$ cat my_file-v3.csv   # CSV, C-alpha atoms and all ligand atoms
chain,number,residue,atom,x,y,z
X,1,MET,CA,55.6,-13.6,9.5
X,2,ILE,CA,58.5,-15.2,11.2
X,3,SER,CA,61.9,-13.9,10.1
X,4,GLU,CA,64.0,-16.2,7.9
X,5,LYS,CA,66.7,-16.5,10.6
X,6,LEU,CA,64.2,-17.4,13.3
X,7,LEU,CA,62.3,-19.8,11.0
X,8,LYS,CA,65.5,-21.7,10.3
X,9,GLU,CA,66.2,-22.0,14.1
X,10,LEU,CA,62.6,-23.1,14.8
X,11,ASN,CA,62.9,-25.8,12.0
X,12,GLY,CA,66.2,-26.7,13.5
X,13,GLN,CA,64.5,-27.4,16.8
X,14,ILE,CA,62.2,-29.9,15.1
X,15,THR,CA,65.3,-31.8,14.1
X,16,ALA,CA,66.7,-31.6,17.6
X,17,GLU,CA,63.5,-32.9,19.1
X,18,LEU,CA,63.3,-35.8,16.7
X,19,TRP,CA,66.9,-36.6,17.3
X,20,ALA,CA,66.2,-36.6,21.1
X,21,SER,CA,63.2,-38.9,20.4
X,22,ASN,CA,65.4,-41.4,18.6
X,23,LEU,CA,68.0,-41.1,21.4
X,24,TYR,CA,65.5,-42.0,24.1
X,25,LEU,CA,64.0,-44.8,22.0
X,26,SER,CA,67.5,-46.2,21.5
X,27,MET,CA,68.1,-45.9,25.2
X,28,SER,CA,64.8,-47.6,25.9
X,29,TYR,CA,65.6,-50.7,23.9
X,30,TYR,CA,69.0,-50.8,25.4
X,31,MET,CA,67.6,-50.8,29.0
X,32,GLU,CA,65.0,-53.4,27.9
X,33,HIS,CA,67.8,-55.6,26.7
X,34,GLN,CA,69.6,-55.2,30.0
X,35,GLY,CA,66.5,-56.4,31.8
X,36,TYR,CA,65.3,-53.0,33.2
X,37,SER,CA,61.8,-52.9,31.8
X,38,GLY,CA,60.8,-50.0,34.0
X,39,PHE,CA,63.6,-47.7,32.8
X,40,ALA,CA,62.7,-48.9,29.3
X,41,GLN,CA,59.1,-47.8,29.8
X,42,TRP,CA,60.1,-44.4,31.2
X,43,LEU,CA,62.4,-43.8,28.3
X,44,LYS,CA,59.9,-44.9,25.7
X,45,VAL,CA,57.3,-42.4,27.1
X,46,GLN,CA,60.1,-39.8,27.1
X,47,SER,CA,60.8,-40.6,23.4
X,48,GLU,CA,57.1,-40.1,22.6
X,49,GLU,CA,57.1,-36.8,24.5
X,50,GLU,CA,60.1,-35.5,22.4
X,51,ARG,CA,58.2,-36.5,19.2
X,52,GLU,CA,55.2,-34.5,20.4
X,53,HIS,CA,57.5,-31.5,20.9
X,54,ALA,CA,58.6,-31.8,17.3
X,55,TYR,CA,54.9,-31.9,16.2
X,56,ASP,CA,54.2,-28.9,18.3
X,57,PHE,CA,57.0,-26.8,16.8
X,58,ALA,CA,55.9,-27.8,13.3
X,59,ASN,CA,52.3,-26.9,14.1
X,60,TYR,CA,53.4,-23.5,15.4
X,61,ILE,CA,55.4,-22.8,12.2
X,62,LEU,CA,52.4,-23.7,10.1
X,63,SER,CA,50.1,-21.5,12.3
X,64,ARG,CA,52.4,-18.6,11.3
X,65,GLY,CA,51.9,-19.3,7.6
X,66,CYS,CA,55.5,-20.7,7.2
X,67,GLU,CA,56.9,-23.8,5.8
X,68,VAL,CA,58.0,-26.8,7.9
X,69,LYS,CA,61.3,-28.4,7.0
X,70,ILE,CA,62.2,-31.8,8.4
X,71,ASP,CA,66.0,-32.1,8.0
X,72,LYS,CA,68.3,-35.1,8.2
X,73,ILE,CA,68.2,-36.8,11.6
X,74,ASP,CA,71.7,-38.0,12.6
X,75,VAL,CA,72.5,-41.4,13.9
X,76,VAL,CA,72.2,-41.7,17.7
X,77,PRO,CA,74.9,-43.2,19.9
X,78,GLN,CA,74.6,-46.8,21.3
X,79,GLY,CA,75.9,-48.5,24.4
X,80,TRP,CA,75.1,-46.7,27.7
X,81,GLY,CA,76.7,-48.6,30.5
X,82,THR,CA,74.8,-48.7,33.8
X,83,PRO,CA,71.4,-47.1,34.5
X,84,LEU,CA,73.2,-44.4,36.4
X,85,GLU,CA,75.5,-43.7,33.4
X,86,LEU,CA,72.6,-43.7,31.1
X,87,PHE,CA,70.6,-41.2,33.2
X,88,GLU,CA,73.6,-38.9,33.5
X,89,HIS,CA,73.5,-38.7,29.7
X,90,VAL,CA,69.7,-38.1,29.8
X,91,TYR,CA,70.3,-35.2,32.2
X,92,GLN,CA,73.1,-33.8,30.1
X,93,HIS,CA,71.0,-34.0,27.0
X,94,GLU,CA,68.1,-32.1,28.7
X,95,CYS,CA,70.6,-29.4,29.7
X,96,HIS,CA,71.7,-29.2,26.1
X,97,ILE,CA,68.0,-28.8,24.9
X,98,SER,CA,67.5,-26.1,27.5
X,99,LYS,CA,70.4,-24.2,25.9
X,100,LEU,CA,68.8,-24.5,22.5
X,101,ILE,CA,65.5,-23.2,23.8
X,102,ASN,CA,67.3,-20.3,25.5
X,103,LYS,CA,69.0,-19.5,22.2
X,104,LEU,CA,65.6,-19.6,20.4
X,105,MET,CA,64.2,-17.3,23.1
X,106,THR,CA,67.1,-14.8,22.6
X,107,SER,CA,66.5,-14.8,18.9
X,108,ALA,CA,62.7,-14.2,19.3
X,109,LYS,CA,63.5,-11.3,21.6
X,110,GLU,CA,66.0,-9.8,19.3
X,111,GLU,CA,63.5,-10.0,16.4
X,112,LYS,CA,60.8,-8.6,18.6
X,113,ASP,CA,58.7,-11.6,17.6
X,114,TYR,CA,56.5,-11.7,20.7
X,115,ALA,CA,54.2,-14.4,19.4
X,116,THR,CA,57.2,-16.8,19.1
X,117,GLU,CA,58.4,-15.6,22.5
X,118,SER,CA,55.1,-16.5,24.1
X,119,PHE,CA,55.1,-19.9,22.3
X,120,LEU,CA,58.5,-20.6,23.7
X,121,TRP,CA,57.7,-19.8,27.3
X,122,LYS,CA,56.1,-23.2,27.9
X,123,TYR,CA,59.4,-24.9,26.8
X,124,VAL,CA,61.4,-22.7,29.2
X,125,ILE,CA,59.2,-24.2,31.9
X,126,GLU,CA,59.2,-27.7,30.4
X,127,GLN,CA,63.0,-27.7,30.4
X,128,ARG,CA,63.3,-26.6,34.0
X,129,GLU,CA,61.0,-29.5,34.9
X,130,GLU,CA,63.0,-31.9,32.7
X,131,GLU,CA,66.3,-30.9,34.3
X,132,GLU,CA,64.7,-31.3,37.8
X,133,ASN,CA,63.2,-34.7,37.0
X,134,THR,CA,66.2,-36.2,35.3
X,135,SER,CA,68.7,-34.9,37.9
X,136,GLY,CA,66.3,-36.3,40.5
X,137,VAL,CA,66.6,-39.8,39.0
X,138,VAL,CA,70.4,-39.5,38.8
X,139,ASP,CA,70.5,-38.5,42.5
X,140,LYS,CA,68.4,-41.5,43.5
X,141,LEU,CA,70.5,-43.9,41.4
X,142,LYS,CA,73.6,-42.6,43.0
X,143,LYS,CA,72.3,-43.7,46.4
X,144,ALA,CA,70.8,-47.0,45.3
X,145,ASP,CA,72.1,-50.5,46.1
X,146,LYS,CA,70.9,-53.5,44.0
X,147,GLY,CA,67.5,-53.6,45.7
X,148,GLY,CA,67.1,-49.9,45.4
X,149,LEU,CA,67.9,-50.0,41.7
X,150,LEU,CA,65.1,-52.5,41.2
X,151,PHE,CA,62.8,-50.4,43.2
X,152,ILE,CA,63.6,-47.3,41.1
X,153,ASP,CA,63.2,-49.4,37.9
X,154,ALA,CA,59.7,-50.4,39.1
X,155,GLN,CA,58.8,-46.9,40.1
X,156,LEU,CA,59.8,-45.3,36.8
X,157,GLY,CA,58.0,-48.1,34.9
X,158,ARG,CA,54.7,-46.7,36.1
X,159,ARG,CA,55.1,-43.7,33.9
X,160,GLU,CA,52.3,-43.5,31.3
X,161,ASP,CA,52.7,-40.0,29.9
X,201,FE,FE,61.8,-31.8,24.0
X,202,FE,FE,63.0,-33.4,27.0
$ encode --input "my_file-v3.csv" --output "C-alpha cells" --more "lines below"
Ligand SMILES: [Fe+2]
Ligand SMILES: [Fe+2]
Amino acid sequence: MISEKLLKELNGQITAELWASNLYLSMSYYMEHQGYSGFAQWLKVQSEEEREHAYDFANYILSRGCEVKIDKIDVVPQGWGTPLELFEHVYQHECHISKLINKLMTSAKEEKDYATESFLWKYVIEQREEEENTSGVVDKLKKADKGGLLFIDAQLGRRED
C-alpha cells in the first residue's frame, strides 16, 4: 500500500501534469495564431506528452490498489509575447515540474516506498531531458534573427512524439 500522504502527493502530480498539458495546449494555439505553426506543433505534442504522464501516474496508483483522484484543474495563463518569451516560460515550467518530482522522490524515500521510488526514477531522467531540451530551444532563439526564427519554427514543427 502507498501511505496516505504519498498517495495525496501522487494524485496531486496528476493534476500538475494535466495543468501542464492545458498550459502547452494553450501556448500551442497562441503560437498558431501568431503564424508559427512549427512551434504550435511542438507544443501540441508536448501537451499530449504531459497528458500521457497524467495517465501514467494514474495507472501506477491503480496498480498499487489505490484510488485515483482527479482534482480541479486551474485556469492557465494567456498571452505569451514572443517565441523566446514563451519558451522561457516553458523552460521555467519544466524546472518547476522537476522540483515537484524531486519532492515526490523525497517523500517516497522517507516512507521507504521503494516501488514508488523506482517508478519515479524515469521522471527524474525525463525532467533532466526536458530541462536540457527546452533550455536548448531558448538558447537557439536568443541567437536567432528573423530568418533563424523561421528555421527553428520549421525544425520544431517536425516533432511527432
Ligand atoms: Fe510531465
Ligand atoms: Fe514536461
$ residues_near_point --input "my_file-v3.csv" --point "(63.8, -47.9, 20.1)" --cutoff "12 Å" --atoms "only C-alpha atoms" --output "PyMOL selection string"
chain X and resi 20-33+40-41+43-48+76+78
$ write_last_selection --input "my_file-v3.csv" --atoms "C-alpha atoms" --output "PDB file, in the frame of the given file"
ATOM      1  CA  ALA X  20      66.200 -36.600  21.100  1.00  0.00           C
ATOM      2  CA  SER X  21      63.200 -38.900  20.400  1.00  0.00           C
ATOM      3  CA  ASN X  22      65.400 -41.400  18.600  1.00  0.00           C
ATOM      4  CA  LEU X  23      68.000 -41.100  21.400  1.00  0.00           C
ATOM      5  CA  TYR X  24      65.500 -42.000  24.100  1.00  0.00           C
ATOM      6  CA  LEU X  25      64.000 -44.800  22.000  1.00  0.00           C
ATOM      7  CA  SER X  26      67.500 -46.200  21.500  1.00  0.00           C
ATOM      8  CA  MET X  27      68.100 -45.900  25.200  1.00  0.00           C
ATOM      9  CA  SER X  28      64.800 -47.600  25.900  1.00  0.00           C
ATOM     10  CA  TYR X  29      65.600 -50.700  23.900  1.00  0.00           C
ATOM     11  CA  TYR X  30      69.000 -50.800  25.400  1.00  0.00           C
ATOM     12  CA  MET X  31      67.600 -50.800  29.000  1.00  0.00           C
ATOM     13  CA  GLU X  32      65.000 -53.400  27.900  1.00  0.00           C
ATOM     14  CA  HIS X  33      67.800 -55.600  26.700  1.00  0.00           C
ATOM     15  CA  ALA X  40      62.700 -48.900  29.300  1.00  0.00           C
ATOM     16  CA  GLN X  41      59.100 -47.800  29.800  1.00  0.00           C
ATOM     17  CA  LEU X  43      62.400 -43.800  28.300  1.00  0.00           C
ATOM     18  CA  LYS X  44      59.900 -44.900  25.700  1.00  0.00           C
ATOM     19  CA  VAL X  45      57.300 -42.400  27.100  1.00  0.00           C
ATOM     20  CA  GLN X  46      60.100 -39.800  27.100  1.00  0.00           C
ATOM     21  CA  SER X  47      60.800 -40.600  23.400  1.00  0.00           C
ATOM     22  CA  GLU X  48      57.100 -40.100  22.600  1.00  0.00           C
ATOM     23  CA  VAL X  76      72.200 -41.700  17.700  1.00  0.00           C
ATOM     24  CA  GLN X  78      74.600 -46.800  21.300  1.00  0.00           C
TER      25      GLN X  78
END
$ residues_near_ligand --input "my_file-v3.csv" --ligand "ligand FE 201 (chain X)" --cutoff "7 Å" --atoms "all atoms listed in the file" --output "ChimeraX atom specification"
/X:17,49-50,53,97
$ closest_residue --input "my_file-v3.csv" --among "X:Cys95, X:Val90, X:Ala108, X:Ile73" --to "X:Lys5" --atoms "only C-alpha atoms"
X:Ala108
$ residues_near_ligand --input "my_file-v3.csv" --ligand "ligand FE 202 (chain X)" --cutoff "7 Å" --atoms "all atoms listed in the file" --output "MDAnalysis selection string"
chainID X and resid 50 94 127 130
$ atom_distance --input "my_file-v3.csv" --atom1 "atom CA of X:Lys103" --atom2 "atom CA of X:Thr134"
21.4 Å
$ residues_around --input "my_file-v3.csv" --residues "X:Gly157" --least-positions-apart "4" --cutoff "8 Å" --atoms "all atoms listed in the file" --output "list in words"
Ser37, Gly38, Phe39, Ala40, Gln41, Trp42 and Asp153 of chain X
$ residues_around --input "my_file-v3.csv" --residues "stretch 60-64 of chain X" --least-positions-apart "6" --cutoff "9 Å" --atoms "all atoms listed in the file" --output "PDB file with C-alpha atoms, in the coordinates of the input"
ATOM      1  CA  MET X   1      55.600 -13.600   9.500  1.00  0.00           C
ATOM      2  CA  ILE X   2      58.500 -15.200  11.200  1.00  0.00           C
ATOM      3  CA  LEU X   7      62.300 -19.800  11.000  1.00  0.00           C
ATOM      4  CA  LEU X  10      62.600 -23.100  14.800  1.00  0.00           C
ATOM      5  CA  ASN X  11      62.900 -25.800  12.000  1.00  0.00           C
ATOM      6  CA  THR X 116      57.200 -16.800  19.100  1.00  0.00           C
ATOM      7  CA  PHE X 119      55.100 -19.900  22.300  1.00  0.00           C
TER       8      PHE X 119
END
$ atom_distance --input "my_file-v3.csv" --atom1 "atom CA of X:Leu120" --atom2 "atom CA of X:Leu104"
7.9 Å
$ atom_distance --input "my_file-v3.csv" --atom1 "atom CA of X:Tyr36" --atom2 "atom CA of X:Arg51"
22.8 Å
$ closest_residue --input "my_file-v3.csv" --among "X:Asp161, X:Glu85, X:Asp145, X:Asp56" --to "X:Lys122" --atoms "only C-alpha atoms"
X:Asp56
$ closest_residue --input "my_file-v3.csv" --among "X:Gly35, X:Ile14, X:Leu141, X:Ile70" --to "X:Glu52" --atoms "all atoms listed in the file"
X:Ile14
$ closest_residue --input "my_file-v3.csv" --among "X:Tyr55, X:His93, X:Val124, X:Glu88" --to "X:Thr106" --atoms "only C-alpha atoms"
X:Val124
$ closest_residue --input "my_file-v3.csv" --among "X:Tyr123, X:Val75, X:Trp80, X:Lys112" --to "X:Gln13" --atoms "only C-alpha atoms"
X:Tyr123
$ closest_residue --input "my_file-v3.csv" --among "X:Asp113, X:Gly12, X:Gln92, X:Leu84" --to "X:Val137" --atoms "all atoms listed in the file"
X:Leu84
$ decode --input "my_file-v3.csv" --residues "stretch 107-134 of chain X" --atoms "N, CA and C atoms" --output "JSON list (two decimals), in the first residue's frame"
[["chain", "number", "residue", "atom", "x", "y", "z"],
["X", 107, "SER", "N", 9.67, 12.18, -0.56],
["X", 107, "SER", "CA", 8.60, 11.54, 0.23],
["X", 107, "SER", "C", 8.68, 10.02, 0.12],
["X", 108, "ALA", "N", 8.87, 9.51, -1.10],
["X", 108, "ALA", "CA", 8.96, 8.05, -1.31],
["X", 108, "ALA", "C", 10.11, 7.46, -0.50],
["X", 109, "LYS", "N", 11.22, 8.19, -0.48],
["X", 109, "LYS", "CA", 12.39, 7.72, 0.28],
["X", 109, "LYS", "C", 12.10, 7.75, 1.78],
["X", 110, "GLU", "N", 11.48, 8.84, 2.23],
["X", 110, "GLU", "CA", 11.14, 8.95, 3.66],
["X", 110, "GLU", "C", 10.21, 7.82, 4.10],
["X", 111, "GLU", "N", 9.28, 7.47, 3.23],
["X", 111, "GLU", "CA", 8.30, 6.42, 3.56],
["X", 111, "GLU", "C", 8.87, 5.02, 3.31],
["X", 112, "LYS", "N", 10.08, 4.96, 2.81],
["X", 112, "LYS", "CA", 10.71, 3.68, 2.40],
["X", 112, "LYS", "C", 9.81, 2.92, 1.42],
["X", 113, "ASP", "N", 9.16, 3.69, 0.53],
["X", 113, "ASP", "CA", 8.31, 3.10, -0.50],
["X", 113, "ASP", "C", 9.17, 2.92, -1.76],
["X", 114, "TYR", "N", 9.88, 1.81, -1.81],
["X", 114, "TYR", "CA", 10.85, 1.60, -2.89],
["X", 114, "TYR", "C", 10.19, 1.39, -4.24],
["X", 115, "ALA", "N", 8.98, 0.84, -4.24],
["X", 115, "ALA", "CA", 8.25, 0.66, -5.51],
["X", 115, "ALA", "C", 7.96, 2.02, -6.14],
["X", 116, "THR", "N", 7.51, 2.96, -5.30],
["X", 116, "THR", "CA", 7.22, 4.31, -5.82],
["X", 116, "THR", "C", 8.52, 5.00, -6.23],
["X", 117, "GLU", "N", 9.56, 4.77, -5.43],
["X", 117, "GLU", "CA", 10.86, 5.36, -5.77],
["X", 117, "GLU", "C", 11.29, 4.89, -7.17],
["X", 118, "SER", "N", 11.17, 3.59, -7.42],
["X", 118, "SER", "CA", 11.63, 3.08, -8.73],
["X", 118, "SER", "C", 10.71, 3.58, -9.86],
["X", 119, "PHE", "N", 9.42, 3.74, -9.57],
["X", 119, "PHE", "CA", 8.51, 4.32, -10.57],
["X", 119, "PHE", "C", 8.93, 5.75, -10.91],
["X", 120, "LEU", "N", 9.36, 6.49, -9.90],
["X", 120, "LEU", "CA", 9.68, 7.91, -10.10],
["X", 120, "LEU", "C", 11.00, 8.16, -10.83],
["X", 121, "TRP", "N", 11.89, 7.16, -10.81],
["X", 121, "TRP", "CA", 13.21, 7.39, -11.42],
["X", 121, "TRP", "C", 13.12, 7.83, -12.87],
["X", 122, "LYS", "N", 12.18, 7.23, -13.62],
["X", 122, "LYS", "CA", 12.10, 7.61, -15.04],
["X", 122, "LYS", "C", 11.70, 9.09, -15.20],
["X", 123, "TYR", "N", 10.99, 9.63, -14.20],
["X", 123, "TYR", "CA", 10.63, 11.04, -14.27],
["X", 123, "TYR", "C", 11.80, 11.96, -13.88],
["X", 124, "VAL", "N", 12.69, 11.45, -13.05],
["X", 124, "VAL", "CA", 13.91, 12.22, -12.75],
["X", 124, "VAL", "C", 14.71, 12.38, -14.04],
["X", 125, "ILE", "N", 14.82, 11.27, -14.78],
["X", 125, "ILE", "CA", 15.55, 11.29, -16.06],
["X", 125, "ILE", "C", 14.80, 12.14, -17.08],
["X", 126, "GLU", "N", 13.48, 11.94, -17.15],
["X", 126, "GLU", "CA", 12.63, 12.71, -18.07],
["X", 126, "GLU", "C", 12.79, 14.22, -17.85],
["X", 127, "GLN", "N", 12.77, 14.63, -16.58],
["X", 127, "GLN", "CA", 12.85, 16.07, -16.30],
["X", 127, "GLN", "C", 14.22, 16.64, -16.64],
["X", 128, "ARG", "N", 15.26, 15.85, -16.43],
["X", 128, "ARG", "CA", 16.59, 16.32, -16.82],
["X", 128, "ARG", "C", 16.62, 16.56, -18.33],
["X", 129, "GLU", "N", 16.00, 15.63, -19.08],
["X", 129, "GLU", "CA", 15.94, 15.78, -20.54],
["X", 129, "GLU", "C", 15.08, 16.98, -20.95],
["X", 130, "GLU", "N", 13.95, 17.15, -20.26],
["X", 130, "GLU", "CA", 13.05, 18.27, -20.56],
["X", 130, "GLU", "C", 13.75, 19.61, -20.35],
["X", 131, "GLU", "N", 14.49, 19.70, -19.24],
["X", 131, "GLU", "CA", 15.22, 20.95, -18.96],
["X", 131, "GLU", "C", 16.27, 21.20, -20.03],
["X", 132, "GLU", "N", 16.97, 20.12, -20.41],
["X", 132, "GLU", "CA", 18.01, 20.25, -21.43],
["X", 132, "GLU", "C", 17.40, 20.69, -22.78],
["X", 133, "ASN", "N", 16.32, 20.01, -23.19],
["X", 133, "ASN", "CA", 15.69, 20.32, -24.48],
["X", 133, "ASN", "C", 15.14, 21.74, -24.53],
["X", 134, "THR", "N", 14.41, 22.13, -23.48],
["X", 134, "THR", "CA", 13.75, 23.43, -23.54],
["X", 134, "THR", "C", 14.75, 24.57, -23.36]]
